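Listing of upload00.cif; format and content: mmCIF, C-alpha atoms.
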data_run
loop_
_atom_site.label_atom_id
_atom_site.label_comp_id
_atom_site.auth_asym_id
_atom_site.auth_seq_id
_atom_site.Cartn_x
_atom_site.Cartn_y
_atom_site.Cartn_z
CA MET A 251 -31.14 9.10 28.21
CA GLY A 252 -34.55 10.52 27.44
CA ASP A 253 -33.02 13.88 26.47
CA GLN A 254 -30.76 12.40 23.77
CA PRO A 255 -31.86 12.95 20.16
CA ARG A 256 -33.34 9.99 18.34
CA PRO A 257 -31.24 8.46 15.54
CA PHE A 258 -32.48 9.69 12.17
CA GLY A 259 -33.93 6.33 11.07
CA ALA A 260 -35.97 5.88 14.26
CA GLU A 261 -37.27 9.46 14.10
CA LEU A 262 -38.19 9.06 10.41
CA ARG A 263 -40.13 5.88 11.17
CA ARG A 264 -41.92 7.51 14.11
CA ALA A 265 -42.93 10.53 11.99
CA ARG A 266 -43.99 8.33 9.05
CA LEU A 267 -46.24 6.18 11.24
CA ALA A 268 -47.67 9.27 12.94
CA ALA A 269 -48.61 10.57 9.49
CA GLY A 270 -50.29 7.26 8.63
CA LEU A 271 -47.94 6.50 5.74
CA SER A 272 -46.46 3.20 4.65
CA LEU A 273 -42.87 3.03 3.40
CA GLY A 274 -44.21 2.74 -0.14
CA GLY A 275 -46.46 5.77 0.34
CA LEU A 276 -43.59 7.92 1.59
CA ALA A 277 -41.36 6.63 -1.20
CA ARG A 278 -43.87 7.82 -3.81
CA ILE A 279 -44.00 11.29 -2.26
CA VAL A 280 -40.25 11.89 -1.89
CA HIS A 281 -39.23 9.98 -5.07
CA TYR A 282 -36.86 7.57 -3.33
CA SER A 283 -37.26 3.79 -3.52
CA LYS A 284 -39.04 1.86 -0.77
CA GLY A 285 -35.93 -0.31 -0.29
CA TYR A 286 -33.68 2.72 0.13
CA LEU A 287 -35.99 4.25 2.75
CA SER A 288 -36.10 0.93 4.59
CA LYS A 289 -32.29 0.96 4.83
CA ILE A 290 -32.41 4.54 6.13
CA GLU A 291 -34.95 3.65 8.81
CA THR A 292 -32.96 0.63 9.97
CA GLY A 293 -29.69 2.56 10.01
CA ARG A 294 -28.04 0.55 7.24
CA LYS A 295 -27.58 3.68 5.14
CA PRO A 296 -26.81 7.25 6.27
CA PRO A 297 -29.39 9.89 5.31
CA GLY A 298 -28.58 12.89 3.13
CA VAL A 299 -29.68 16.48 3.61
CA ASP A 300 -31.81 16.40 0.45
CA LEU A 301 -33.80 13.36 1.60
CA ALA A 302 -34.22 14.82 5.10
CA ARG A 303 -35.69 18.04 3.69
CA ARG A 304 -38.13 16.19 1.47
CA CYS A 305 -39.24 14.01 4.40
CA ASP A 306 -39.65 17.10 6.59
CA ALA A 307 -41.95 18.59 3.93
CA ALA A 308 -43.88 15.35 3.36
CA LEU A 309 -44.37 14.57 7.05
CA GLY A 310 -44.77 18.11 8.39
CA THR A 311 -41.94 17.70 10.91
CA GLY A 312 -40.87 21.36 10.80
CA GLY A 313 -37.20 20.74 10.00
CA ARG A 314 -36.57 18.20 12.81
CA LEU A 315 -35.26 15.55 10.43
CA SER A 316 -32.92 18.02 8.71
CA GLU A 317 -31.53 19.01 12.11
CA LEU A 318 -30.64 15.38 12.83
CA VAL A 319 -28.61 15.20 9.62
CA GLY A 320 -26.83 18.52 10.13
CA PRO A 321 -25.40 20.83 7.46
CA ALA A 322 -23.68 19.47 4.40
CA SER A 323 -19.92 19.79 4.17
CA PRO A 324 -18.86 22.78 2.05
CA GLU A 325 -17.56 21.90 -1.38
CA ASN A 326 -14.62 24.17 -2.07
CA ALA A 327 -12.78 24.19 -5.35
CA THR A 328 -9.29 25.45 -5.97
CA SER A 329 -8.83 29.07 -6.90
CA GLY A 330 -6.39 31.42 -8.54
CA VAL A 331 -6.83 33.82 -5.62
CA ALA A 332 -4.53 33.01 -2.72
CA PRO A 333 -5.60 33.42 0.93
CA PRO A 334 -4.77 36.95 2.05
CA GLY A 335 -2.68 38.05 5.00
CA ASP A 336 -3.65 40.22 7.96
CA GLN A 337 -1.67 43.39 7.30
CA THR A 338 -3.32 46.81 7.18
CA ALA A 339 -3.93 48.67 3.91
CA GLU A 340 -1.21 51.21 4.69
CA ASP A 341 1.44 48.48 4.92
CA GLU A 342 0.09 46.47 2.01
CA ALA A 343 1.37 45.67 -1.47
CA TRP A 344 -0.81 43.76 -3.91
CA VAL A 345 1.16 41.08 -5.75
CA MET A 346 -0.24 39.25 -8.76
CA SER A 347 1.32 36.88 -11.26
CA LEU A 348 -0.21 35.52 -14.44
CA ALA A 349 0.84 32.15 -15.84
CA PRO A 350 0.94 31.88 -19.68
CA ARG A 351 -1.42 28.89 -19.74
CA GLY A 352 -2.77 28.75 -16.22
CA PRO A 353 -4.67 30.70 -13.61
CA GLY A 354 -3.59 33.98 -12.14
CA TRP A 355 -2.37 34.22 -8.56
CA PHE A 356 -2.93 37.11 -6.19
CA ALA A 357 -2.11 37.90 -2.59
CA PRO A 358 -1.71 41.07 -0.57
CA MET A 359 1.48 41.15 1.49
CA SER A 360 3.41 43.60 3.61
CA ARG A 361 5.76 45.94 1.77
CA ARG A 362 8.65 44.49 3.76
CA ALA A 363 7.74 40.99 2.56
CA ALA A 364 7.42 42.26 -1.02
CA LEU A 365 10.93 43.70 -0.84
CA SER A 366 12.36 40.52 0.65
CA THR A 367 10.75 38.26 -1.98
CA GLY A 368 11.91 40.27 -4.97
CA ALA A 369 8.60 41.98 -5.67
CA ALA A 370 10.06 45.42 -5.01
CA ALA A 371 9.53 46.51 -8.60
CA LEU A 372 5.78 46.46 -7.95
CA LEU A 373 6.19 49.18 -5.37
CA THR A 374 7.34 51.63 -8.03
CA LEU A 375 3.94 51.49 -9.74
CA GLU A 376 2.28 53.83 -7.28
CA VAL A 377 0.56 57.00 -8.40
CA ASN A 378 2.74 60.09 -8.05
CA PRO A 379 0.93 62.24 -5.44
CA SER A 380 2.22 65.48 -6.96
CA GLY A 381 0.52 64.81 -10.26
CA GLY A 382 -2.43 62.70 -9.16
CA SER A 383 -4.57 65.41 -7.59
CA ALA A 384 -4.83 67.45 -10.76
CA ALA A 385 -5.79 64.38 -12.71
CA MET A 386 -8.49 63.52 -10.19
CA ARG A 387 -10.20 66.86 -10.72
CA GLN A 388 -11.00 65.76 -14.24
CA GLU A 389 -14.44 64.15 -14.34
CA PRO A 390 -13.68 61.92 -17.37
CA THR A 391 -11.28 59.85 -15.18
CA TYR A 392 -14.10 58.73 -12.90
CA ASP A 393 -16.53 58.27 -15.79
CA THR A 394 -14.07 56.03 -17.63
CA PHE A 395 -13.56 53.74 -14.65
CA ALA A 396 -17.32 53.66 -13.97
CA ALA A 397 -17.96 52.59 -17.57
CA MET A 398 -15.25 49.95 -17.25
CA PHE A 399 -16.93 48.64 -14.10
CA GLU A 400 -20.17 48.07 -15.98
CA LEU A 401 -18.19 46.30 -18.70
CA HIS A 402 -16.57 44.03 -16.10
CA ARG A 403 -19.97 43.23 -14.60
CA ARG A 404 -21.25 42.24 -18.06
CA LEU A 405 -18.17 40.11 -18.65
CA GLY A 406 -18.65 38.49 -15.26
CA ARG A 407 -22.11 37.34 -16.29
CA THR A 408 -20.82 35.56 -19.39
CA MET A 409 -17.23 34.45 -18.71
CA SER A 410 -15.20 32.30 -16.35
CA PRO A 411 -14.23 34.19 -13.17
CA ALA A 412 -10.59 33.26 -13.83
CA ALA A 413 -10.74 35.38 -17.00
CA VAL A 414 -12.20 38.41 -15.23
CA LEU A 415 -10.39 38.40 -11.88
CA PRO A 416 -6.94 39.67 -12.96
CA SER A 417 -8.39 42.76 -14.61
CA LEU A 418 -10.76 43.43 -11.70
CA ILE A 419 -7.89 43.22 -9.22
CA ALA A 420 -5.72 45.54 -11.31
CA GLN A 421 -8.49 48.14 -11.71
CA THR A 422 -9.31 48.02 -7.99
CA HIS A 423 -5.64 48.58 -7.16
CA THR A 424 -5.40 51.48 -9.62
CA LEU A 425 -8.49 53.19 -8.22
CA ARG A 426 -7.28 52.76 -4.66
CA GLU A 427 -3.95 54.40 -5.53
CA LEU A 428 -5.60 57.20 -7.52
CA ALA A 429 -7.94 57.90 -4.59
CA ALA A 430 -4.97 58.09 -2.22
CA ALA A 431 -3.42 60.75 -4.46
CA ALA A 432 -6.61 62.76 -4.94
CA ARG A 433 -8.26 65.46 -2.84
CA PRO A 434 -11.89 65.55 -1.67
CA PRO A 435 -14.47 65.25 -3.13
CA ALA A 436 -12.76 63.33 -5.94
CA ARG A 437 -11.07 61.06 -3.39
CA ASN A 438 -14.36 59.82 -1.93
CA ARG A 439 -15.93 59.17 -5.33
CA LEU A 440 -12.93 57.14 -6.42
CA LEU A 441 -12.84 55.19 -3.17
CA LEU A 442 -16.52 54.31 -3.50
CA LEU A 443 -15.96 53.12 -7.06
CA ALA A 444 -12.94 51.10 -5.90
CA ALA A 445 -15.18 49.56 -3.23
CA ARG A 446 -17.67 48.46 -5.89
CA TYR A 447 -14.83 46.91 -7.88
CA ALA A 448 -13.61 45.13 -4.74
CA GLU A 449 -17.11 43.86 -3.89
CA PHE A 450 -17.52 42.40 -7.37
CA THR A 451 -14.01 40.94 -7.19
CA GLY A 452 -15.16 39.11 -4.05
CA TRP A 453 -18.13 37.68 -5.90
CA MET A 454 -15.89 36.47 -8.74
CA ALA A 455 -13.47 34.96 -6.17
CA GLN A 456 -16.38 33.05 -4.67
CA GLU A 457 -17.46 31.90 -8.11
CA ALA A 458 -13.89 30.65 -8.60
CA GLY A 459 -14.34 28.54 -5.48
CA HIS A 460 -12.41 30.45 -2.82
CA ASP A 461 -14.64 31.52 0.06
CA GLN A 462 -11.78 32.91 2.16
CA ALA A 463 -10.69 35.26 -0.61
CA ALA A 464 -14.32 36.28 -1.21
CA THR A 465 -14.69 37.27 2.43
CA TRP A 466 -11.43 39.24 2.36
CA TRP A 467 -12.46 41.19 -0.74
CA THR A 468 -15.82 41.96 0.86
CA ARG A 469 -14.09 43.30 3.97
CA THR A 470 -11.77 45.35 1.76
CA ALA A 471 -14.76 46.84 -0.07
CA VAL A 472 -16.47 47.76 3.21
CA SER A 473 -13.26 49.33 4.54
CA MET A 474 -12.78 51.53 1.46
CA ALA A 475 -16.44 52.57 1.41
CA GLU A 476 -16.41 53.51 5.10
CA ALA A 477 -13.24 55.56 4.53
CA ALA A 478 -15.27 57.49 1.95
CA GLY A 479 -18.14 58.02 4.41
CA ASP A 480 -20.54 55.42 2.96
CA HIS A 481 -21.90 53.01 5.59
CA GLU A 482 -24.39 51.33 3.22
CA PHE A 483 -21.60 49.02 2.17
CA ALA A 484 -21.30 47.55 5.66
CA ALA A 485 -24.85 46.18 5.47
CA HIS A 486 -24.27 44.86 1.98
CA GLY A 487 -21.05 43.24 3.16
CA LEU A 488 -23.15 41.28 5.64
CA VAL A 489 -25.44 40.18 2.79
CA ARG A 490 -22.43 38.98 0.80
CA THR A 491 -20.96 37.15 3.79
CA ALA A 492 -24.37 35.55 4.41
CA LEU A 493 -24.22 34.21 0.86
CA VAL A 494 -20.93 32.47 1.67
CA ALA A 495 -22.59 30.91 4.73
CA MET A 496 -25.68 29.91 2.74
CA LEU A 497 -23.66 28.13 0.06
CA GLN A 498 -21.86 26.28 2.86
CA GLU A 499 -25.34 25.27 4.10
CA ASP A 500 -24.91 27.08 7.42
CA ALA A 501 -28.52 28.10 8.00
CA ALA A 502 -28.05 29.74 11.40
CA GLN A 503 -25.16 31.95 10.24
CA THR A 504 -27.05 32.91 7.08
CA VAL A 505 -30.09 34.05 9.06
CA GLU A 506 -28.00 35.89 11.67
CA LEU A 507 -25.93 37.87 9.15
CA ALA A 508 -28.97 38.70 7.01
CA GLY A 509 -30.83 39.88 10.11
CA LEU A 510 -27.97 42.18 11.09
CA ALA A 511 -28.03 43.72 7.60
CA GLN A 512 -31.73 44.56 8.00
CA ALA A 513 -31.45 45.96 11.52
CA ASP A 514 -30.38 49.49 10.53
CA THR A 515 -33.38 51.29 9.01
CA ARG A 516 -31.04 53.93 7.58
CA VAL A 517 -29.85 51.35 5.09
CA SER A 518 -31.57 51.59 1.71
CA PRO A 519 -34.68 49.47 1.01
CA ARG A 520 -32.78 47.72 -1.79
CA VAL A 521 -30.00 46.39 0.43
CA ARG A 522 -32.44 45.46 3.21
CA GLY A 523 -34.61 43.73 0.61
CA LEU A 524 -31.65 41.69 -0.63
CA ALA A 525 -30.86 40.85 3.00
CA ALA A 526 -34.44 39.64 3.53
CA LEU A 527 -34.12 37.35 0.50
CA ARG A 528 -30.94 35.92 1.97
CA GLU A 529 -32.67 35.45 5.33
CA ALA A 530 -35.44 33.53 3.56
CA GLN A 531 -32.87 31.21 2.01
CA GLY A 532 -31.39 30.60 5.45
CA HIS A 533 -34.79 29.73 6.92
CA ALA A 534 -35.41 27.41 3.96
CA LEU A 535 -32.16 25.59 4.70
CA ALA A 536 -33.37 25.14 8.28
CA GLY A 537 -36.74 23.84 7.08
CA ASP A 538 -38.65 26.75 8.63
CA ASP A 539 -41.46 27.35 6.16
CA ARG A 540 -43.28 30.05 8.15
CA ARG A 541 -40.23 32.27 8.76
CA CYS A 542 -39.04 31.73 5.19
CA HIS A 543 -42.28 33.06 3.69
CA ARG A 544 -42.40 35.97 6.13
CA ALA A 545 -38.91 36.98 5.00
CA LEU A 546 -39.92 36.63 1.34
CA ASP A 547 -42.92 38.91 1.91
CA ARG A 548 -40.71 41.46 3.67
CA ALA A 549 -38.21 41.33 0.80
CA ALA A 550 -40.93 41.92 -1.79
CA ALA A 551 -42.18 45.03 0.02
CA LEU A 552 -38.67 46.48 0.42
CA LEU A 553 -37.60 45.81 -3.17
CA ASP A 554 -40.85 47.28 -4.51
CA ARG A 555 -40.14 50.42 -2.49
CA ALA A 556 -36.58 50.55 -3.83
CA GLN A 557 -37.81 50.30 -7.41
CA SER A 558 -40.46 52.97 -6.94
CA THR A 559 -37.92 55.39 -5.48
CA GLY A 560 -35.34 54.79 -8.20
CA GLN A 561 -32.85 52.96 -5.97
CA ASP A 562 -32.64 49.89 -8.18
CA GLY A 563 -30.26 50.85 -10.97
CA GLY A 564 -26.96 52.42 -11.99
CA LEU A 565 -24.08 51.23 -9.83
CA ALA A 566 -26.50 49.79 -7.26
CA LEU A 567 -25.09 47.13 -4.98
CA GLY A 568 -26.06 43.52 -5.52
CA PRO A 569 -27.23 41.52 -8.55
CA ALA A 570 -28.01 43.53 -11.65
CA SER A 571 -28.77 40.94 -14.34
CA VAL A 572 -32.19 39.79 -13.02
CA ALA A 573 -34.80 42.52 -12.69
CA ASP A 574 -36.91 40.78 -10.02
CA MET A 575 -35.02 38.43 -7.71
CA GLY A 576 -38.02 37.67 -5.48
CA PRO A 577 -39.72 34.96 -7.58
CA VAL A 578 -36.52 33.08 -8.47
CA VAL A 579 -35.38 33.11 -4.84
CA THR A 580 -38.84 31.83 -3.87
CA GLY A 581 -38.35 28.90 -6.24
CA TRP A 582 -34.88 28.34 -4.77
CA CYS A 583 -36.32 28.28 -1.24
CA LEU A 584 -39.13 25.88 -2.08
CA TYR A 585 -36.61 23.30 -3.25
CA ASP A 586 -34.71 23.58 0.04
CA LEU A 587 -38.02 23.31 1.90
CA GLY A 588 -38.55 19.90 0.30
CA ARG A 589 -41.18 21.04 -2.22
CA PRO A 590 -39.46 20.39 -5.56
CA ALA A 591 -42.64 20.31 -7.67
CA MET A 592 -43.66 23.80 -6.50
CA ALA A 593 -40.09 25.03 -6.99
CA ALA A 594 -40.05 23.65 -10.53
CA GLN A 595 -43.32 25.37 -11.38
CA ILE A 596 -42.03 28.80 -10.32
CA LEU A 597 -38.61 28.37 -11.95
CA ASP A 598 -40.29 27.16 -15.17
CA ASP A 599 -41.99 30.55 -15.31
CA GLN A 600 -38.99 32.67 -14.29
CA VAL A 601 -35.87 31.20 -15.90
CA PRO A 602 -37.01 31.65 -19.55
CA ARG A 603 -37.60 35.35 -18.81
CA MET A 604 -33.96 36.00 -17.96
CA PRO A 605 -32.39 38.32 -20.52
CA ALA A 606 -29.66 37.60 -23.02
CA GLY A 607 -26.29 38.33 -21.47
CA ALA A 608 -27.34 36.90 -18.09
CA GLU A 609 -25.67 33.53 -18.64
CA ARG A 610 -24.42 33.19 -15.06
CA ALA A 611 -27.86 33.83 -13.51
CA ARG A 612 -29.56 31.66 -16.14
CA ALA A 613 -27.12 28.82 -15.42
CA ARG A 614 -27.51 29.22 -11.65
CA PHE A 615 -31.30 29.10 -11.58
CA GLY A 616 -31.48 26.80 -14.61
CA ALA A 617 -29.43 24.20 -12.74
CA ARG A 618 -31.74 24.46 -9.74
CA ARG A 619 -34.75 24.23 -12.05
CA ALA A 620 -33.42 20.95 -13.49
CA LEU A 621 -32.63 19.73 -9.97
CA ALA A 622 -36.17 20.50 -8.85
CA HIS A 623 -37.66 18.53 -11.76
CA ALA A 624 -35.36 15.58 -11.04
CA ALA A 625 -36.33 15.65 -7.36
CA ALA A 626 -40.00 15.75 -8.36
CA GLY A 627 -39.53 12.54 -10.35
CA GLU A 628 -39.64 14.20 -13.80
CA LEU A 629 -36.43 12.55 -14.93
CA ASP A 630 -36.59 12.98 -18.70
CA HIS A 631 -37.56 16.64 -18.44
CA ALA A 632 -34.75 17.26 -15.93
CA CYS A 633 -32.23 15.76 -18.37
CA HIS A 634 -33.63 17.95 -21.15
CA LEU A 635 -33.36 21.09 -19.03
CA VAL A 636 -29.83 20.50 -17.82
CA GLY A 637 -28.80 19.81 -21.42
CA LEU A 638 -30.15 23.26 -22.33
CA VAL A 639 -28.14 25.08 -19.66
CA LEU A 640 -24.87 23.13 -19.82
CA ASP A 641 -23.47 25.50 -22.44
CA ASP A 642 -24.01 28.41 -20.05
CA ILE A 643 -22.66 26.42 -17.11
CA GLU A 644 -19.50 25.43 -18.96
CA LEU A 645 -19.02 29.02 -20.13
CA VAL A 646 -19.25 30.74 -16.74
CA ASP A 647 -17.31 27.97 -14.91
CA SER A 648 -18.92 28.60 -11.52
CA ALA A 649 -17.89 26.72 -8.37
CA THR A 650 -21.17 27.71 -6.67
CA ILE A 651 -23.32 26.43 -9.55
CA ARG A 652 -21.38 23.16 -9.53
CA VAL A 653 -22.75 22.53 -6.01
CA ASP A 654 -26.23 22.08 -7.52
CA LEU A 655 -24.78 20.15 -10.46
CA ARG A 656 -23.24 17.67 -8.01
CA ARG A 657 -26.61 17.28 -6.31
CA LEU A 658 -28.20 16.71 -9.69
CA SER A 659 -25.52 14.18 -10.64
CA ARG A 660 -26.10 12.26 -7.40
CA THR A 661 -29.86 12.28 -8.03
CA LEU A 662 -29.48 11.04 -11.60
CA THR A 663 -27.04 8.31 -10.54
CA ARG A 664 -30.00 6.42 -9.10
CA TRP A 665 -31.18 5.98 -12.70
CA ARG A 666 -27.78 5.54 -14.35
CA ASP A 667 -29.13 2.94 -16.79
CA HIS A 668 -31.89 5.24 -18.05
CA ALA A 669 -31.06 6.26 -21.64
CA PRO A 670 -31.37 10.09 -21.24
CA VAL A 671 -29.21 9.93 -18.09
CA ARG A 672 -26.58 7.84 -19.89
CA GLU A 673 -26.49 10.34 -22.77
CA LEU A 674 -26.19 13.33 -20.44
CA GLN A 675 -23.53 11.88 -18.14
CA PRO A 676 -20.39 12.72 -20.22
CA ARG A 677 -21.32 16.42 -20.53
CA LEU A 678 -22.36 16.62 -16.91
CA ALA A 679 -19.08 15.02 -15.83
CA ALA A 680 -17.13 17.51 -17.97
CA ALA A 681 -18.97 20.44 -16.37
CA LEU A 682 -18.08 19.03 -12.94
CA HIS A 683 -14.42 18.66 -13.95
CA VAL A 684 -14.40 14.95 -13.16
CA PRO A 685 -13.21 12.07 -15.40
CA VAL A 686 -15.84 9.91 -17.09
CA ARG A 687 -15.50 6.24 -16.16
#

I need this file expressed as C-alpha cells, please.
Amino acid sequence: MGDQPRPFGAELRRARLAAGLSLGGLARIVHYSKGYLSKIETGRKPPGVDLARRCDAALGTGGRLSELVGPASPENATSGVAPPGDQTAEDEAWVMSLAPRGPGWFAPMSRRAALSTGAAALLTLEVNPSGGSAAMRQEPTYDTFAAMFELHRRLGRTMSPAAVLPSLIAQTHTLRELAAAARPPARNRLLLLAARYAEFTGWMAQEAGHDQAATWWTRTAVSMAEAAGDHEFAAHGLVRTALVAMLQEDAAQTVELAGLAQADTRVSPRVRGLAALREAQGHALAGDDRRCHRALDRAAALLDRAQSTGQDGGLALGPASVADMGPVVTGWCLYDLGRPAMAAQILDDQVPRMPAGAERARARFGARRALAHAAAGELDHACHLVGLVLDDIELVDSATIRVDLRRLSRTLTRWRDHAPVRELQPRLAAALHVPVR
C-alpha cells in the first residue's frame, strides 16, 4: 500500500503544509478561490491540469501534482480531410470532392477502389509521360510552383484552413505527377517542392482539427523528400509529429520525438533548433523547469547559427511568419510551467512585434497571452486582449488555437457575472462554435 500514489487532494495538502502555506495563501498565488481549493483537497472536486501546474510552480513540487492528474484529453474537431488508407503511393489515387456550400473532402484510395466507386474519371488526369519530361526541363515550371507555394503559405496565415486545403492538395498532386513524368535532376527538384506542399498541407489539416490526416500528410512529405534524396525532411517530420503530440498534451511523446529529431548532427541547425523548442514545450507540459530551460538555451544557439549561415529563409522548413520563435515559445512554456505572470510579461513584449500578414501566429500567441493574464488574475486586461485578437481568431478558424480559447473560456466562467466577461462571452462563444445560452 505504501507504494501507491497519493490521491491528488492529499498530496496537494501535504505539499501546501510543507511549504508553510494556508489555503488562503495558496489561493492568492494560484488565483483560485479558497473554497474551491478546499474541495480539491477533500476530494469533492476533481483537479484540472491547469490548476495542478500552477500548484506545482507555487509549491516547488517538480511536476508531481501534474503527474497525478495526467494529460488532458485531446480536443479534436471535425475536418474536411478524411482519414487516409494504407495503400502505397504506386497504387494510390487521390480523390477529392468539393461541396457548393460546405467543406471539401479528400481521401487517397487504391486505384481499384476508385474504379469500383465511379471515380475512374480521375485516373485520366495523369501527366502524359511522353510529353512531361520536356516540360520539366523548363525552369519556369518549377519557379511558378515555388512562387505559388509562397502564396499558399501567406494565405494559410490569414485564412481558414478549409479555404486553403483543396488548392494545396491539388497542387501537391500535380507536382507529384509532374515529378513522376520528369527526368533527373528536374524530378528531384519537383519532388522536394511537392514534399513542402505536402508538409504544409499537413499543418493546415491539423489546423482544421484532424490530427490523423496531419500525420498522414507529414509521412507523405517525408516519403517524397526521401525519394528525392533529401533526409532533412525526416527530422522535420518528427518535429511536426511532436507538435501533434504536444497539442494532445502528451509530454513524454513530445520530448521523445523532438529528441530523435535532434539526434542526427547532419540535420541542419534550423531543424534541430525547432526540435529543441518543441522539446522545451514537452518538458514544460511535464512540469520540468530545468530541462525546459536547457532545451530553450540549446534552441537559441542552434537557431542563431542557422540565421548566421543563411539557413533561415527561402523555402526553409517550419514556421516562416515569426522571425524569432525562441521568445514566444519561452512565454508559451512559462504558462505551462505554472508561471502565468512571467509568461504574460514575455508575450506582452513579443506579440505586438508580429508583422502584418501573420494573423495565424498573432492569434495563436495572442490567445495564450490573454490566457496568461487571466491565469495571473488580471481579468479585465485579459478580456481586453482577447477582444483584440478575436478578429484574427475568427478569420483563421484554427482548431489548435481553440484549445487555448476553451481554457480561457473555462477560466473566465469563474467570473461570469463580471461585466467585461459578460460582454465578451457572445464573441468568445462564436469563435468556439458553440451556442450562446

Return as a ChimeraX atom specification the set of residues that the PyMOL selection byres ((chain A and resi 658) around 10) yields on the displayed structure. /A:617-618,620-625,632-633,636,652-657,659-663,678

Who sits within 9 Å of A:Ala307, all atoms listed in the file, same chain under 6 positions skipped, as a list in words: Gly313, Gly537, Leu587, Gly588 and Arg589 of chain A

Given the file shown, determine the residues that the PyMOL selection byres ((chain A and resi 572) around 8) selects; report them as a ChimeraX atom specification. /A:569-571,573-575,604-605,608,611

Between A:Val319, A:Ala485, A:Met454, A:Leu425, smallest distance to A:Ala412 by all atoms listed in the file belongs to A:Met454

If you count all atoms listed in the file, which residues fall within 7 Å of stretch 500-502 of chain A, apart from same-chain ones fewer than 5 positions away, as a list in words?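 The contact residues come out as Pro321, Ala495, Gly532, His533, Leu535 and Ala536 of chain A.
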
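Using all atoms listed in the file, the smallest distance between any of A:Leu301, A:Ala593, A:Val517, A:Ala549 and A:His281 comes from A:Leu301.
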
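Compared by their closest atoms to A:His631, and using all atoms listed in the file, the residues A:Ala594, A:Ala550, A:Cys542, A:Cys305 rank with A:Ala594 nearest.
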
Just the residues within 12 Å of A:Arg544, please, counting all atoms listed in the file, with nothing from its chain fewer than 3 positions along; format it as a list in words.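 Near A:Arg544, the qualifying residues are Ala526, Leu527, Glu529, Ala530, Gln531, His533, Ala534, Asp538, Asp539, Arg540, Arg541, Asp547, Arg548, Ala549, Ala550, Ala551 and Thr580 of chain A.
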
Counting only C-alpha atoms, I want the residues whose atoms come within 12 Å of (-28.4, 46.3, 11.4) in the file frame, returned as a PyMOL selection string. chain A and resi 481-489+506-518+521-522+525-526

Provide the atom CA of A:Arg278 to atom CA of A:Arg672 distance in Å, to one decimal place. 23.6 Å

Expected selection from the PyMOL selection byres ((chain A and resi 643) around 9), given as a PyMOL selection string: chain A and resi 609-610+612-614+617+639-642+644-648+651-652+681

Excluding same-chain residues fewer than 2 positions from stretch 264-275 of chain A, what lies within 8 Å of it counting all atoms listed in the file, as a PyMOL selection string? chain A and resi 260-262+277-279+283-284+287-288+309+311

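Atom CA of A:Thr391 to atom CA of A:Tyr447 spans 15.3 Å [interatomic distance, one decimal].
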
Best match for closeness to A:Glu449 among A:Val472, A:Ala432, A:Ala492, A:Val578, counting all atoms listed in the file: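 Nearest to A:Glu449: A:Val472.
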
Please indicate the distance in Å from atom CA of A:Gly479 to atom CA of A:Ala420, rounded to one decimal place.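 Separation between atom CA of A:Gly479 and atom CA of A:Ala420: 23.6 Å.
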
Since the input is missing atoms, can you rebuild N, CA and C atoms for stretch 409-422 of chain A and write them as an mmCIF file, in the coordinates of the input?
data_model
loop_
_atom_site.group_PDB
_atom_site.id
_atom_site.type_symbol
_atom_site.label_atom_id
_atom_site.label_comp_id
_atom_site.auth_asym_id
_atom_site.auth_seq_id
_atom_site.Cartn_x
_atom_site.Cartn_y
_atom_site.Cartn_z
ATOM 1 N N MET A 409 -18.553 35.041 -18.587
ATOM 2 C CA MET A 409 -17.230 34.450 -18.710
ATOM 3 C C MET A 409 -16.808 33.761 -17.418
ATOM 4 N N SER A 410 -15.781 32.931 -17.532
ATOM 5 C CA SER A 410 -15.200 32.300 -16.350
ATOM 6 C C SER A 410 -14.636 33.362 -15.423
ATOM 7 N N PRO A 411 -14.804 33.203 -14.095
ATOM 8 C CA PRO A 411 -14.230 34.190 -13.170
ATOM 9 C C PRO A 411 -12.717 34.299 -13.299
ATOM 10 N N ALA A 412 -12.039 33.209 -13.678
ATOM 11 C CA ALA A 412 -10.590 33.260 -13.830
ATOM 12 C C ALA A 412 -10.176 34.242 -14.930
ATOM 13 N N ALA A 413 -11.053 34.448 -15.922
ATOM 14 C CA ALA A 413 -10.740 35.380 -17.000
ATOM 15 C C ALA A 413 -10.963 36.831 -16.598
ATOM 16 N N VAL A 414 -11.831 37.054 -15.616
ATOM 17 C CA VAL A 414 -12.200 38.410 -15.230
ATOM 18 C C VAL A 414 -11.405 38.916 -14.028
ATOM 19 N N LEU A 415 -11.022 38.002 -13.137
ATOM 20 C CA LEU A 415 -10.390 38.400 -11.880
ATOM 21 C C LEU A 415 -9.119 39.234 -12.033
ATOM 22 N N PRO A 416 -8.160 38.860 -12.898
ATOM 23 C CA PRO A 416 -6.940 39.670 -12.960
ATOM 24 C C PRO A 416 -7.191 41.125 -13.297
ATOM 25 N N SER A 417 -8.089 41.376 -14.244
ATOM 26 C CA SER A 417 -8.390 42.760 -14.610
ATOM 27 C C SER A 417 -9.110 43.490 -13.488
ATOM 28 N N LEU A 418 -10.055 42.807 -12.825
ATOM 29 C CA LEU A 418 -10.760 43.430 -11.700
ATOM 30 C C LEU A 418 -9.781 43.831 -10.595
ATOM 31 N N ILE A 419 -8.863 42.934 -10.274
ATOM 32 C CA ILE A 419 -7.890 43.220 -9.220
ATOM 33 C C ILE A 419 -7.022 44.415 -9.605
ATOM 34 N N ALA A 420 -6.576 44.439 -10.866
ATOM 35 C CA ALA A 420 -5.720 45.540 -11.310
ATOM 36 C C ALA A 420 -6.465 46.876 -11.273
ATOM 37 N N GLN A 421 -7.726 46.879 -11.708
ATOM 38 C CA GLN A 421 -8.490 48.140 -11.710
ATOM 39 C C GLN A 421 -8.775 48.602 -10.283
ATOM 40 N N THR A 422 -9.075 47.646 -9.389
ATOM 41 C CA THR A 422 -9.310 48.020 -7.990
ATOM 42 C C THR A 422 -8.065 48.650 -7.386
#
